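K.L.:
This one is work-v6.csv, CSV, C-alpha atoms and all ligand atoms.
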chain,number,residue,atom,x,y,z
A,251,MET,CA,12.2,-19.0,15.6
A,252,PRO,CA,10.0,-19.9,12.6
A,253,TYR,CA,11.3,-22.2,9.9
A,254,ALA,CA,11.2,-21.2,6.2
A,255,HIS,CA,9.4,-23.9,4.1
A,256,ILE,CA,9.2,-24.2,0.3
A,257,THR,CA,5.5,-24.5,-0.1
A,258,GLY,CA,4.9,-23.7,-3.8
A,259,TRP,CA,6.8,-24.1,-7.0
A,260,GLY,CA,6.3,-23.3,-10.7
A,261,MET,CA,8.2,-23.0,-13.9
A,262,ALA,CA,7.8,-21.4,-17.3
A,263,ALA,CA,9.6,-22.0,-20.5
A,264,PRO,CA,9.1,-20.2,-23.9
A,265,GLU,CA,7.4,-22.4,-26.5
A,266,GLY,CA,10.1,-21.7,-29.1
A,267,VAL,CA,12.6,-24.6,-29.2
A,268,MET,CA,16.0,-24.3,-30.8
A,269,THR,CA,17.7,-27.7,-31.5
A,270,ASN,CA,21.4,-28.3,-32.0
A,271,ASP,CA,20.7,-28.9,-35.7
A,272,ASP,CA,19.1,-25.4,-35.8
A,273,LEU,CA,22.2,-23.9,-34.4
A,274,ALA,CA,24.4,-25.8,-36.9
A,275,LYS,CA,22.7,-23.8,-39.6
A,276,ILE,CA,23.9,-20.5,-38.1
A,277,VAL,CA,27.4,-21.3,-36.6
A,278,ASP,CA,30.1,-23.8,-37.4
A,279,THR,CA,29.0,-26.6,-34.9
A,280,ASN,CA,27.1,-29.9,-34.9
A,281,ASP,CA,24.7,-31.9,-32.8
A,282,GLN,CA,27.3,-34.5,-31.9
A,283,TRP,CA,29.9,-32.0,-30.6
A,284,ILE,CA,27.3,-30.1,-28.5
A,285,ARG,CA,25.8,-33.3,-27.0
A,286,GLU,CA,29.1,-34.9,-26.2
A,287,ARG,CA,30.8,-31.8,-24.8
A,288,THR,CA,27.9,-30.3,-22.9
A,289,GLY,CA,24.9,-32.8,-22.8
A,290,ILE,CA,22.6,-30.2,-24.3
A,291,SER,CA,20.2,-31.3,-27.2
A,292,GLU,CA,17.9,-28.2,-27.3
A,293,ARG,CA,17.0,-25.0,-25.5
A,294,ARG,CA,14.0,-22.7,-25.3
A,295,ILE,CA,14.2,-19.2,-26.9
A,296,ALA,CA,11.9,-16.4,-25.8
A,297,GLY,CA,9.5,-15.0,-28.5
A,298,ALA,CA,8.9,-11.4,-29.3
A,299,THR,CA,6.3,-11.0,-26.5
A,300,GLU,CA,8.1,-13.0,-23.9
A,301,PHE,CA,10.2,-11.2,-21.3
A,302,THR,CA,12.1,-11.8,-18.1
A,303,SER,CA,9.0,-10.5,-16.1
A,304,THR,CA,6.4,-12.4,-18.1
A,305,LEU,CA,8.1,-15.7,-17.8
A,306,ALA,CA,8.6,-15.0,-14.1
A,307,VAL,CA,4.9,-14.1,-13.6
A,308,GLU,CA,3.8,-17.4,-15.3
A,309,ALA,CA,6.1,-19.4,-13.0
A,310,SER,CA,5.0,-17.4,-10.0
A,311,ILE,CA,1.3,-17.9,-10.6
A,312,LYS,CA,1.8,-21.7,-10.8
A,313,ALA,CA,3.9,-21.6,-7.5
A,314,LEU,CA,1.2,-19.5,-5.7
A,315,LYS,CA,-1.4,-22.0,-6.9
A,316,VAL,CA,0.5,-24.9,-5.5
A,317,ALA,CA,1.0,-23.1,-2.2
A,318,ASN,CA,-2.6,-21.8,-2.2
A,319,VAL,CA,-1.3,-18.3,-1.4
A,320,ARG,CA,-2.8,-15.0,-2.6
A,321,PRO,CA,-0.5,-12.5,-4.3
A,322,THR,CA,-1.7,-10.0,-1.7
A,323,ASP,CA,-0.2,-12.2,1.1
A,324,ILE,CA,3.3,-11.9,-0.3
A,325,ASP,CA,5.6,-9.8,1.9
A,326,LEU,CA,8.7,-9.9,-0.3
A,327,ILE,CA,9.5,-10.6,-4.0
A,328,ILE,CA,13.2,-11.3,-4.9
A,329,CYS,CA,13.9,-11.7,-8.6
A,330,SER,CA,17.2,-13.2,-9.3
A,331,THR,CA,18.3,-12.4,-12.8
A,332,SER,CA,21.3,-11.5,-15.0
A,333,THR,CA,19.0,-10.4,-17.8
A,334,PRO,CA,16.7,-7.7,-16.1
A,335,GLU,CA,14.4,-5.9,-18.5
A,336,TYR,CA,15.9,-2.5,-17.5
A,337,MET,CA,18.8,-1.2,-15.5
A,338,PHE,CA,16.0,0.1,-13.4
A,339,PRO,CA,13.2,-0.3,-12.3
A,340,ALA,CA,13.9,-3.7,-10.9
A,341,THR,CA,12.2,-6.6,-12.8
A,342,ALA,CA,10.9,-7.7,-9.4
A,343,CYS,CA,8.7,-4.5,-9.4
A,344,LEU,CA,7.3,-5.3,-12.8
A,345,ILE,CA,6.5,-8.8,-11.5
A,346,GLN,CA,4.9,-7.3,-8.3
A,347,ASP,CA,2.7,-5.1,-10.4
A,348,GLN,CA,1.7,-7.9,-12.9
A,349,LEU,CA,0.8,-10.2,-10.0
A,350,GLY,CA,-1.1,-7.6,-8.0
A,351,ALA,CA,1.1,-8.3,-5.0
A,352,THR,CA,0.0,-5.1,-3.3
A,353,LYS,CA,1.9,-5.3,0.0
A,354,ALA,CA,5.2,-6.9,-1.2
A,355,GLY,CA,8.6,-5.2,-1.2
A,356,ALA,CA,10.4,-6.1,-4.4
A,357,PHE,CA,14.0,-6.1,-5.6
A,358,ASP,CA,16.4,-7.8,-8.0
A,359,LEU,CA,19.4,-9.8,-7.0
A,360,LEU,CA,22.4,-10.4,-9.3
A,361,ALA,CA,24.6,-13.3,-8.5
A,362,ALA,CA,24.5,-14.8,-12.0
A,363,CYS,CA,23.9,-18.6,-12.1
A,364,THR,CA,24.2,-18.9,-8.3
A,365,GLY,CA,21.6,-16.2,-7.9
A,366,PHE,CA,18.7,-18.5,-7.0
A,367,ILE,CA,20.6,-20.0,-4.1
A,368,TYR,CA,21.5,-16.5,-2.8
A,369,ALA,CA,17.8,-15.3,-3.3
A,370,LEU,CA,16.3,-18.4,-1.6
A,371,ASN,CA,18.7,-18.0,1.3
A,372,MET,CA,17.9,-14.2,1.6
A,373,GLY,CA,14.2,-15.0,1.6
A,374,ALA,CA,14.6,-17.8,4.1
A,375,GLN,CA,16.7,-15.6,6.4
A,376,ALA,CA,14.0,-12.9,6.4
A,377,ILE,CA,11.4,-15.5,7.4
A,378,ARG,CA,13.7,-17.0,10.0
A,379,SER,CA,14.3,-13.6,11.6
A,380,GLY,CA,10.5,-13.2,12.0
A,381,SER,CA,10.4,-10.0,9.9
A,382,ILE,CA,8.2,-11.5,7.1
A,383,LYS,CA,5.9,-14.5,6.7
A,384,THR,CA,5.7,-15.1,3.0
A,385,ALA,CA,8.3,-14.6,0.2
A,386,LEU,CA,8.2,-15.2,-3.5
A,387,ILE,CA,11.7,-16.2,-4.9
A,388,ILE,CA,12.1,-16.2,-8.6
A,389,GLY,CA,14.9,-17.1,-11.0
A,390,SER,CA,14.2,-15.8,-14.5
A,391,GLU,CA,16.3,-15.3,-17.6
A,392,THR,CA,16.0,-14.2,-21.3
A,393,LEU,CA,19.7,-14.9,-22.0
A,394,SER,CA,19.0,-15.3,-25.7
A,395,ARG,CA,18.8,-11.5,-26.0
A,396,PHE,CA,22.4,-11.2,-24.9
A,397,VAL,CA,24.0,-14.1,-26.8
A,398,ASN,CA,26.3,-13.5,-29.7
A,399,TRP,CA,24.8,-15.8,-32.3
A,400,LYS,CA,28.1,-15.9,-34.2
A,401,ASP,CA,30.1,-17.1,-31.2
A,402,ARG,CA,30.0,-20.9,-31.1
A,403,ASN,CA,31.7,-21.0,-27.7
A,404,THR,CA,28.7,-19.4,-26.0
A,405,CYS,CA,25.6,-19.5,-28.2
A,406,ILE,CA,25.3,-23.3,-28.0
A,407,LEU,CA,25.0,-23.2,-24.2
A,408,PHE,CA,22.3,-20.8,-23.1
A,409,GLY,CA,18.5,-20.9,-23.0
A,410,ASP,CA,15.5,-18.9,-21.6
A,411,GLY,CA,13.1,-19.8,-18.8
A,412,ALA,CA,11.9,-19.1,-15.2
A,413,GLY,CA,11.3,-20.9,-12.0
A,414,ALA,CA,9.6,-19.7,-8.8
A,415,PHE,CA,9.3,-20.9,-5.2
A,416,VAL,CA,6.9,-19.7,-2.5
A,417,LEU,CA,8.6,-19.6,1.0
A,418,GLN,CA,6.4,-19.5,4.1
A,419,ALA,CA,7.0,-19.4,7.8
A,420,SER,CA,6.0,-22.3,9.9
A,421,GLU,CA,6.8,-23.5,13.4
A,422,ARG,CA,7.2,-27.1,12.0
A,423,PRO,CA,10.9,-28.0,11.7
A,424,GLY,CA,12.2,-28.4,8.1
A,425,GLY,CA,12.4,-26.3,5.0
A,426,VAL,CA,15.6,-24.4,4.3
A,427,LEU,CA,18.2,-26.0,6.6
A,428,SER,CA,21.4,-24.2,5.7
A,429,ALA,CA,23.2,-22.3,3.0
A,430,VAL,CA,26.6,-21.1,2.0
A,431,MET,CA,27.4,-18.2,-0.4
A,432,HIS,CA,30.8,-17.5,-1.9
A,433,SER,CA,32.4,-15.1,-4.3
A,434,ASP,CA,35.8,-14.3,-6.0
A,435,GLY,CA,35.7,-11.1,-8.0
A,436,SER,CA,39.2,-11.7,-9.3
A,437,GLY,CA,37.6,-14.0,-11.8
A,438,GLY,CA,35.0,-11.5,-12.9
A,439,ASP,CA,36.5,-11.2,-16.4
A,440,LEU,CA,36.0,-14.9,-17.1
A,441,LEU,CA,32.3,-14.6,-17.8
A,442,THR,CA,31.0,-11.1,-18.4
A,443,LEU,CA,28.6,-8.9,-20.3
A,444,PRO,CA,30.9,-5.9,-20.7
A,445,ALA,CA,28.8,-3.0,-21.9
A,446,GLY,CA,25.5,-1.3,-21.1
A,447,GLY,CA,26.5,-0.6,-17.5
A,448,SER,CA,27.9,2.6,-16.1
A,449,ARG,CA,31.5,1.7,-17.0
A,450,PHE,CA,30.8,1.2,-20.7
A,451,PRO,CA,27.4,2.8,-21.5
A,452,ALA,CA,26.0,2.1,-24.9
A,453,THR,CA,27.9,3.9,-27.7
A,454,GLU,CA,28.3,3.2,-31.4
A,455,SER,CA,31.6,1.5,-30.7
A,456,THR,CA,30.3,-0.7,-27.9
A,457,VAL,CA,27.6,-1.9,-30.3
A,458,HIS,CA,30.0,-2.3,-33.1
A,459,GLU,CA,32.5,-4.3,-31.0
A,460,GLY,CA,29.7,-6.6,-29.8
A,461,LEU,CA,30.3,-5.7,-26.1
A,462,HIS,CA,26.6,-6.0,-25.3
A,463,CYS,CA,26.9,-9.8,-25.6
A,464,ILE,CA,28.0,-12.5,-23.3
A,465,LYS,CA,31.8,-13.2,-23.3
A,466,MET,CA,33.2,-16.3,-21.6
A,467,ASP,CA,36.5,-18.1,-21.1
A,468,GLY,CA,34.8,-21.5,-21.2
A,469,LYS,CA,37.8,-23.6,-20.1
A,470,GLU,CA,38.5,-21.5,-17.0
A,471,VAL,CA,34.9,-21.4,-16.0
A,472,PHE,CA,34.8,-25.2,-16.4
A,473,ARG,CA,37.9,-25.6,-14.2
A,474,PHE,CA,36.5,-23.3,-11.5
A,475,ALA,CA,33.1,-25.1,-11.6
A,476,THR,CA,34.5,-28.6,-11.2
A,477,ARG,CA,36.5,-27.3,-8.2
A,478,VAL,CA,33.6,-25.7,-6.2
A,479,MET,CA,30.5,-27.9,-6.8
A,480,ALA,CA,31.5,-30.7,-4.5
A,481,SER,CA,33.1,-28.5,-1.8
A,482,ALA,CA,30.1,-26.1,-1.6
A,483,THR,CA,27.8,-29.1,-1.3
A,484,LEU,CA,29.8,-30.5,1.6
A,485,GLU,CA,30.0,-27.1,3.3
A,486,ALA,CA,26.2,-26.7,3.2
A,487,LEU,CA,25.7,-30.2,4.5
A,488,ASP,CA,28.2,-29.6,7.3
A,489,ALA,CA,26.3,-26.3,8.2
A,490,ALA,CA,23.1,-28.3,8.5
A,491,GLY,CA,24.7,-31.1,10.5
A,492,LEU,CA,24.2,-33.6,7.7
A,493,LYS,CA,26.3,-36.1,5.8
A,494,VAL,CA,26.2,-37.0,2.1
A,495,GLU,CA,24.4,-40.2,3.1
A,496,ASP,CA,21.5,-38.2,4.6
A,497,ILE,CA,20.5,-36.6,1.4
A,498,LYS,CA,18.5,-38.1,-1.4
A,499,TRP,CA,19.0,-35.5,-4.2
A,500,ILE,CA,21.5,-33.0,-5.5
A,501,VAL,CA,20.0,-30.4,-7.7
A,502,PRO,CA,23.0,-28.8,-9.5
A,503,HIS,CA,23.1,-25.7,-11.8
A,504,GLN,CA,22.5,-27.1,-15.3
A,505,ALA,CA,25.5,-25.8,-17.2
A,506,ASN,CA,27.4,-28.9,-18.6
A,507,ILE,CA,26.8,-32.6,-17.9
A,508,ARG,CA,30.6,-33.0,-17.6
A,509,ILE,CA,30.6,-30.5,-14.7
A,510,ILE,CA,27.8,-32.4,-13.0
A,511,GLU,CA,29.7,-35.7,-13.5
A,512,ALA,CA,32.8,-34.2,-11.9
A,513,ALA,CA,30.7,-33.1,-8.9
A,514,ALA,CA,29.3,-36.7,-8.7
A,515,ARG,CA,32.9,-38.1,-8.7
A,516,GLY,CA,33.9,-35.5,-6.0
A,517,LEU,CA,31.0,-36.5,-3.8
A,518,LYS,CA,31.4,-40.2,-4.6
A,519,LEU,CA,27.7,-40.3,-5.5
A,520,PRO,CA,26.1,-42.1,-8.5
A,521,MET,CA,24.6,-39.8,-11.2
A,522,GLU,CA,21.1,-41.2,-10.4
A,523,ARG,CA,21.1,-39.0,-7.3
A,524,PHE,CA,21.5,-35.8,-9.5
A,525,VAL,CA,18.6,-34.1,-11.0
A,526,VAL,CA,19.5,-33.3,-14.6
A,527,ASN,CA,17.4,-31.7,-17.4
A,528,LEU,CA,19.9,-29.6,-19.2
A,529,ASP,CA,19.5,-31.8,-22.3
A,530,ARG,CA,16.1,-30.0,-22.9
A,531,TYR,CA,16.7,-26.5,-21.6
A,532,GLY,CA,20.5,-25.8,-21.8
A,533,ASN,CA,21.9,-23.4,-19.3
A,534,THR,CA,19.2,-21.0,-18.1
A,535,SER,CA,21.5,-19.5,-15.6
A,536,THR,CA,19.7,-18.6,-12.3
A,537,ALA,CA,16.5,-20.3,-13.6
A,538,SER,CA,18.2,-23.7,-14.1
A,539,ILE,CA,18.0,-24.9,-10.5
A,540,PRO,CA,14.3,-24.1,-9.9
A,541,ILE,CA,13.3,-25.4,-13.3
A,542,ALA,CA,15.1,-28.7,-12.5
A,543,MET,CA,13.5,-28.8,-9.1
A,544,VAL,CA,10.0,-28.2,-10.4
A,545,GLU,CA,10.3,-30.9,-13.1
A,546,ALA,CA,11.6,-33.4,-10.5
A,547,ILE,CA,8.8,-32.7,-8.1
A,548,GLU,CA,6.1,-32.9,-10.8
A,549,LYS,CA,7.6,-36.2,-11.9
A,550,GLY,CA,7.3,-37.5,-8.3
A,551,GLN,CA,11.1,-37.8,-8.0
A,552,ILE,CA,11.4,-35.5,-5.0
A,553,LYS,CA,9.1,-36.6,-2.2
A,554,GLU,CA,7.9,-35.1,1.1
A,555,GLY,CA,10.5,-35.6,3.9
A,556,GLU,CA,13.5,-36.0,1.6
A,557,LYS,CA,16.5,-33.9,2.1
A,558,LEU,CA,18.4,-32.4,-0.8
A,559,VAL,CA,21.1,-29.9,-1.8
A,560,MET,CA,20.9,-27.3,-4.5
A,561,VAL,CA,24.3,-26.2,-5.7
A,562,GLY,CA,25.4,-23.6,-8.3
A,563,PHE,CA,28.3,-21.5,-9.7
A,564,GLY,CA,28.5,-18.7,-12.1
A,565,ALA,CA,29.7,-15.3,-13.1
A,566,GLY,CA,31.2,-13.1,-10.5
A,567,LEU,CA,32.7,-15.5,-9.8
A,568,THR,CA,30.0,-16.8,-7.4
A,569,TRP,CA,29.1,-20.2,-6.0
A,570,GLY,CA,27.0,-21.6,-3.2
A,571,ALA,CA,24.8,-24.4,-2.0
A,572,LEU,CA,21.6,-24.7,0.0
A,573,ALA,CA,20.4,-27.7,2.0
A,574,ALA,CA,16.6,-28.2,2.4
A,575,GLU,CA,14.1,-30.7,3.7
A,576,TRP,CA,11.2,-31.0,1.3
A,577,THR,CA,7.8,-30.5,2.9
A,578,GLY,CA,5.3,-29.3,0.3
A,579,PRO,CA,2.3,-27.0,0.8
A,580,LEU,CA,1.3,-26.0,4.3
A,581,PRO,CA,-2.3,-26.7,5.3
A,582,SER,CA,-4.6,-23.8,4.1
A,583,LYS,CA,-8.2,-22.9,3.9
A,584,GLY,CA,-10.2,-22.1,0.7
A,585,HIS,CA,-9.1,-22.3,-2.9
A,586,VAL,CA,-6.9,-19.4,-4.1
A,587,ARG,CA,-6.9,-18.4,-7.8
A,588,PRO,CA,-3.8,-16.2,-8.2
A,589,GLU,CA,-4.6,-15.6,-11.9
A,590,GLN,CA,-7.7,-13.6,-10.8
A,591,TYR,CA,-5.5,-11.3,-8.8
A,592,ARG,CA,-3.3,-10.9,-11.9
A,593,ARG,CA,-6.4,-9.6,-13.8
A,594,LEU,CA,-7.4,-7.3,-11.0
A,595,GLY,CA,-3.7,-6.3,-10.7
A,596,ARG,CA,-3.8,-5.1,-14.3
A,597,VAL,CA,-6.9,-3.0,-13.7
A,598,ARG,CA,-5.4,-1.7,-10.4
A,599,SER,CA,-2.2,-0.7,-12.3
A,600,LEU,CA,-4.1,1.2,-14.9
A,601,VAL,CA,-6.2,3.0,-12.3
A,602,ARG,CA,-3.1,4.0,-10.4
A,603,ARG,CA,-1.4,5.3,-13.5
A,604,ALA,CA,-4.6,7.3,-14.3
A,605,ILE,CA,-4.8,8.7,-10.8
A,606,ARG,CA,-1.1,9.7,-10.9
A,607,PHE,CA,-1.7,11.5,-14.2
A,608,ILE,CA,-4.7,13.4,-12.9
A,609,GLU,CA,-2.9,14.2,-9.6
A,610,GLY,CA,0.0,15.5,-11.7
A,611,LEU,CA,-2.2,17.8,-13.7
A,612,LEU,CA,-3.8,19.2,-10.5
A,613,TYR,CA,-0.5,19.6,-8.8
A,614,ARG,CA,0.9,21.5,-11.8
A,615,ARG,CA,-2.1,23.9,-11.7
A,616,GLU,CA,-1.5,24.5,-8.0
A,617,LEU,CA,2.2,25.6,-8.6
A,701,LIG,O1,26.7,-20.9,-15.9
A,701,LIG,C1,28.1,-20.9,-16.1
A,701,LIG,C2,28.3,-20.7,-17.6
A,701,LIG,N1,29.4,-21.3,-18.2
A,701,LIG,C3,29.8,-22.6,-18.2
A,701,LIG,O2,29.4,-23.4,-17.4
A,701,LIG,C4,30.8,-23.0,-19.2
A,701,LIG,C5,31.8,-24.0,-18.7
A,701,LIG,N2,32.6,-24.4,-19.8
A,701,LIG,C6,32.2,-25.4,-20.7
A,701,LIG,O3,31.1,-25.9,-20.5
A,701,LIG,C7,33.1,-25.8,-21.8
A,701,LIG,O4,34.4,-25.2,-21.6
A,701,LIG,C8,32.6,-25.5,-23.2
A,701,LIG,C9,31.4,-26.3,-23.5
A,701,LIG,C10,32.2,-24.0,-23.3
A,701,LIG,C11,33.6,-25.8,-24.2
A,701,LIG,O5,34.0,-27.2,-24.1
A,701,LIG,P1,35.5,-27.6,-24.1
A,701,LIG,O6,35.6,-29.1,-24.0
A,701,LIG,O7,36.2,-26.8,-23.1
A,701,LIG,O8,36.0,-27.2,-25.6
A,701,LIG,P2,37.2,-26.3,-26.0
A,701,LIG,O9,36.8,-24.9,-25.9
A,701,LIG,O10,38.5,-26.8,-25.4
A,701,LIG,O11,37.2,-26.7,-27.5
A,701,LIG,C12,37.6,-28.0,-28.0
A,701,LIG,C13,37.6,-28.0,-29.5
A,701,LIG,C14,38.3,-26.8,-30.2
A,701,LIG,O12,38.9,-27.2,-31.4
A,701,LIG,P3,40.4,-27.6,-31.5
A,701,LIG,O13,41.1,-26.3,-31.2
A,701,LIG,O14,40.7,-28.6,-30.5
A,701,LIG,O15,40.6,-28.0,-32.9
A,701,LIG,C15,37.2,-25.8,-30.4
A,701,LIG,O16,37.5,-24.9,-31.5
A,701,LIG,O17,36.2,-27.9,-30.0
A,701,LIG,C16,36.1,-26.7,-30.8
A,701,LIG,N3,34.8,-26.1,-30.5
A,701,LIG,C17,33.7,-26.5,-31.1
A,701,LIG,N4,33.4,-27.3,-32.1
A,701,LIG,C18,32.1,-27.5,-32.5
A,701,LIG,C19,34.5,-25.2,-29.5
A,701,LIG,N5,33.1,-24.9,-29.6
A,701,LIG,C20,32.6,-25.7,-30.5
A,701,LIG,C21,31.3,-25.9,-31.0
A,701,LIG,N6,31.1,-26.8,-32.0
A,701,LIG,N7,30.3,-25.2,-30.5
Show me this structure written as structure tokens.

P.N.:
Amino acid sequence: MPYAHITGWGMAAPEGVMTNDDLAKIVDTNDQWIRERTGISERRIAGATEFTSTLAVEASIKALKVANVRPTDIDLIICSTSTPEYMFPATACLIQDQLGATKAGAFDLLAACTGFIYALNMGAQAIRSGSIKTALIIGSETLSRFVNWKDRNTCILFGDGAGAFVLQASERPGGVLSAVMHSDGSGGDLLTLPAGGSRFPATESTVHEGLHCIKMDGKEVFRFATRVMASATLEALDAAGLKVEDIKWIVPHQANIRIIEAAARGLKLPMERFVVNLDRYGNTSTASIPIAMVEAIEKGQIKEGEKLVMVGFGAGLTWGALAAEWTGPLPSKGHVRPEQYRRLGRVRSLVRRAIRFIEGLLYRREL
């Protein structure tokens, strides 16, 4: 049975930075409160031409470059997101088209902030089963488009960004070692974006009542998060036959420094073993774990052969953890330039649209 290795990684963050002081100009809050209660100093906010798919494509191209993998070699694209560009088509299909990943299947996965763990596990399982060889797993969010900028309980927390991993099959042991996924829909109302779905489609009143924005019971989500972070980590370790002492790093969902500190206490580990970057990005939901991973790898924190656990929680309620042994890129030949495929992909997409248009005209004439 092949192993599923994480062989490429990349991240993208919008250039626009919003500091706590910037927020204090629009809602009744202040830098000291936000830093002390959350650990966040600033977050990135997508500009007018940045979208969930464009951030994802930027992160994916970097990941493909690291792995030295062509977009045309990808079998499966999973985009984990709570802020898809449309109800349908899936954002993963927009990414497939922009990358020129001509043979890939593509779908979105919604498990909120736990989504990247779910998606990585799904991609790894598909590789482990032997049905595919290469998967692109993405966590991408433009949460700023759904934040109520008048609600100080939520608007201080969220930011935009994307992270992507390339997963590849190899006979060499390592890579994704285990994963656990959990849910409890009885807590679904604690963190929700009520309108815009089939239950409450957009109407004048849903817009008027602000139902197209994130609503959260912060205290309850906090309580739930502190309960599940340590237990999910231990479960994933147990499933991999590992002990806390065997792992070098915990990469937690970046929601609140106090939640991460509670997890550290629960696991009896020092904070130095936790990868933390929420001070600069805030909570980017499903993108937070891959963004933290990419920064830690690029800084040389996470090294080949080290074992780690990624652990997250979020709306749903969902929570989960994934244990992995870090290996890095597999040996490969040649030098792949994924951005060239992106350019070709754009041309290909235009040609396909033109052909579809002409075929449509001819077909209508035949009727
Ligand atoms: O990905 C999952 C997403 N969600 C989360 O992870 C959220 C988890 N929850 C949290 O991180 C925390 O509950 C929050 C950061 C949202 C809130 O922190 P808290 O320590 O639970 O604050 P609180 O809601 O209990 O509020 C404490 C006080 C209140 O004032 P009083 O009633 O004690 O006078 C609030 O009105 O702080 C006030 N407050 C603020 N003050 C300044 C609440 N928000 C703010 C604010 N600025 N932004």

K.L.:
Just the number, please: distance in Å from atom CA of A:Thr384 to atom CA of A:Ala317, one decimal.

P.N.:
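Those two atoms sit 10.6 Å apart.
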
K.L.:
For the interface of chain A with ligand LIG 701 (chain A) (cut-off 8 Å, counting only C-alpha atoms and all ligand atoms), please tabulate each contacting residue of chain A alongside its nearest pair of atoms and their separation in Å to one decimal, rows sorted by chain and increasing number, as CSV.

P.N.:
residue,atom,partner,partner_atom,distance
A:Val277,CA,A:LIG701,N7,7.8
A:Asp278,CA,A:LIG701,N6,6.3
A:Thr279,CA,A:LIG701,N6,3.6
A:Asn280,CA,A:LIG701,N6,5.8
A:Trp283,CA,A:LIG701,C18,5.4
A:Ile284,CA,A:LIG701,N7,6.1
A:Arg287,CA,A:LIG701,O6,5.6
A:Thr288,CA,A:LIG701,C9,5.3
A:Ala362,CA,A:LIG701,O1,7.6
A:Cys363,CA,A:LIG701,O1,5.3
A:Arg402,CA,A:LIG701,N7,4.4
A:Asn403,CA,A:LIG701,N5,4.6
A:Thr404,CA,A:LIG701,C10,6.4
A:Cys405,CA,A:LIG701,N7,7.7
A:Ile406,CA,A:LIG701,N7,5.9
A:Leu407,CA,A:LIG701,C9,7.1
A:Leu441,CA,A:LIG701,C2,7.3
A:Met466,CA,A:LIG701,N1,7.1
A:Asp467,CA,A:LIG701,O4,7.4
A:Gly468,CA,A:LIG701,O4,3.7
A:Lys469,CA,A:LIG701,O4,4.0
A:Glu470,CA,A:LIG701,N2,7.1
A:Val471,CA,A:LIG701,C5,4.9
A:Phe472,CA,A:LIG701,C5,4.0
A:Arg473,CA,A:LIG701,C5,7.7
A:Ala475,CA,A:LIG701,O2,7.1
A:His503,CA,A:LIG701,O1,7.3
A:Gln504,CA,A:LIG701,O1,7.5
A:Ala505,CA,A:LIG701,O2,4.6
A:Asn506,CA,A:LIG701,O3,5.1
A:Arg508,CA,A:LIG701,O3,7.7
A:Ile509,CA,A:LIG701,O3,7.4
A:Asn533,CA,A:LIG701,O1,6.4
A:Thr534,CA,A:LIG701,O1,7.8
A:Ser535,CA,A:LIG701,O1,5.4
A:Phe563,CA,A:LIG701,O1,6.4
A:Gly564,CA,A:LIG701,C1,4.6
A:Ala565,CA,A:LIG701,C1,6.6

K.L.:
Here is a test: counting all atoms listed in the file, which residue of A:Thr476, A:Asn270, A:Thr456, A:Gln348 is nearest to A:Leu600?

P.N.:
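Comparing A:Thr476, A:Asn270, A:Thr456, A:Gln348 against A:Leu600, the winner is A:Gln348.
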
K.L.:
Between A:Asp281, A:Asp325, A:Glu286, A:Asp439, which has the minimum distance to A:Ile387 (counting only C-alpha atoms)?

P.N.:
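Answer, going by the shortest atom-to-atom distance: A:Asp325.
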
K.L.:
Just want the 7 Å neighbourhood of A:Ile388, counted on only C-alpha atoms, with same-chain residues fewer than 5 positions away dropped. Output as a PyMOL selection string.

P.N.:
chain A and resi 306+328-330+413-415

K.L.:
Figure out the distance between atom CA of A:Tyr368 and atom CA of A:Arg449, please, to one decimal in Å.

P.N.:
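Rounded to one decimal, the two atoms are 25.2 Å apart.
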
K.L.:
What lies within 10 Å of A:Gly258 using all atoms listed in the file, ignoring chain neighbours under 6 positions off, as a ChimeraX atom specification?

P.N.:
/A:310-319,386,414-418,544,577-580

K.L.:
Hey, can you check how far atom CA of A:Pro444 sits from atom CA of A:Asp401?

P.N.:
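These two atoms are separated by 15.4 Å.
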
K.L.:
For A:Val267, which of A:Pro581, A:Gly365, A:Gly411, A:Pro502 is the closest residue, counting all atoms listed in the file?

P.N.:
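Going through A:Pro581, A:Gly365, A:Gly411, A:Pro502 one by one, the smallest distance to A:Val267 is for A:Gly411.
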
K.L.:
Could you build a table of the residues in stretch 438-493 of chain A lying no more than 12 Å from stretch 331-335 of chain A, giving for each the nearest pair of atoms and their separation in Å rounded to one decimal place, using only C-alpha atoms, ordered by chain and ascending residue number, as a Markdown table?

P.N.:
| residue | atom | partner | partner_atom | distance |
| --- | --- | --- | --- | --- |
| A:Leu441 | CA | A:Ser332 | CA | 11.8 |
| A:Thr442 | CA | A:Ser332 | CA | 10.3 |
| A:Leu443 | CA | A:Ser332 | CA | 9.4 |
| A:Gly446 | CA | A:Thr333 | CA | 11.7 |
| A:His462 | CA | A:Thr333 | CA | 11.5 |
| A:Cys463 | CA | A:Thr333 | CA | 11.1 |
| A:Ile464 | CA | A:Ser332 | CA | 10.7 |

K.L.:
Identify which of the residues A:Tyr591, A:Trp576, A:Phe366, A:Tyr613 lies closest to A:Thr257, counting all atoms listed in the file when measuring atom-to-atom distances.

P.N.:
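Of all the options, A:Trp576 lies closest to A:Thr257.
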
K.L.:
With distances taken over all atoms listed in the file, which of A:Ala452, A:Arg285, A:Lys383, A:Gly570 is nearest to A:Glu421?

P.N.:
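Distance minimum relative to A:Glu421 lands on A:Lys383.
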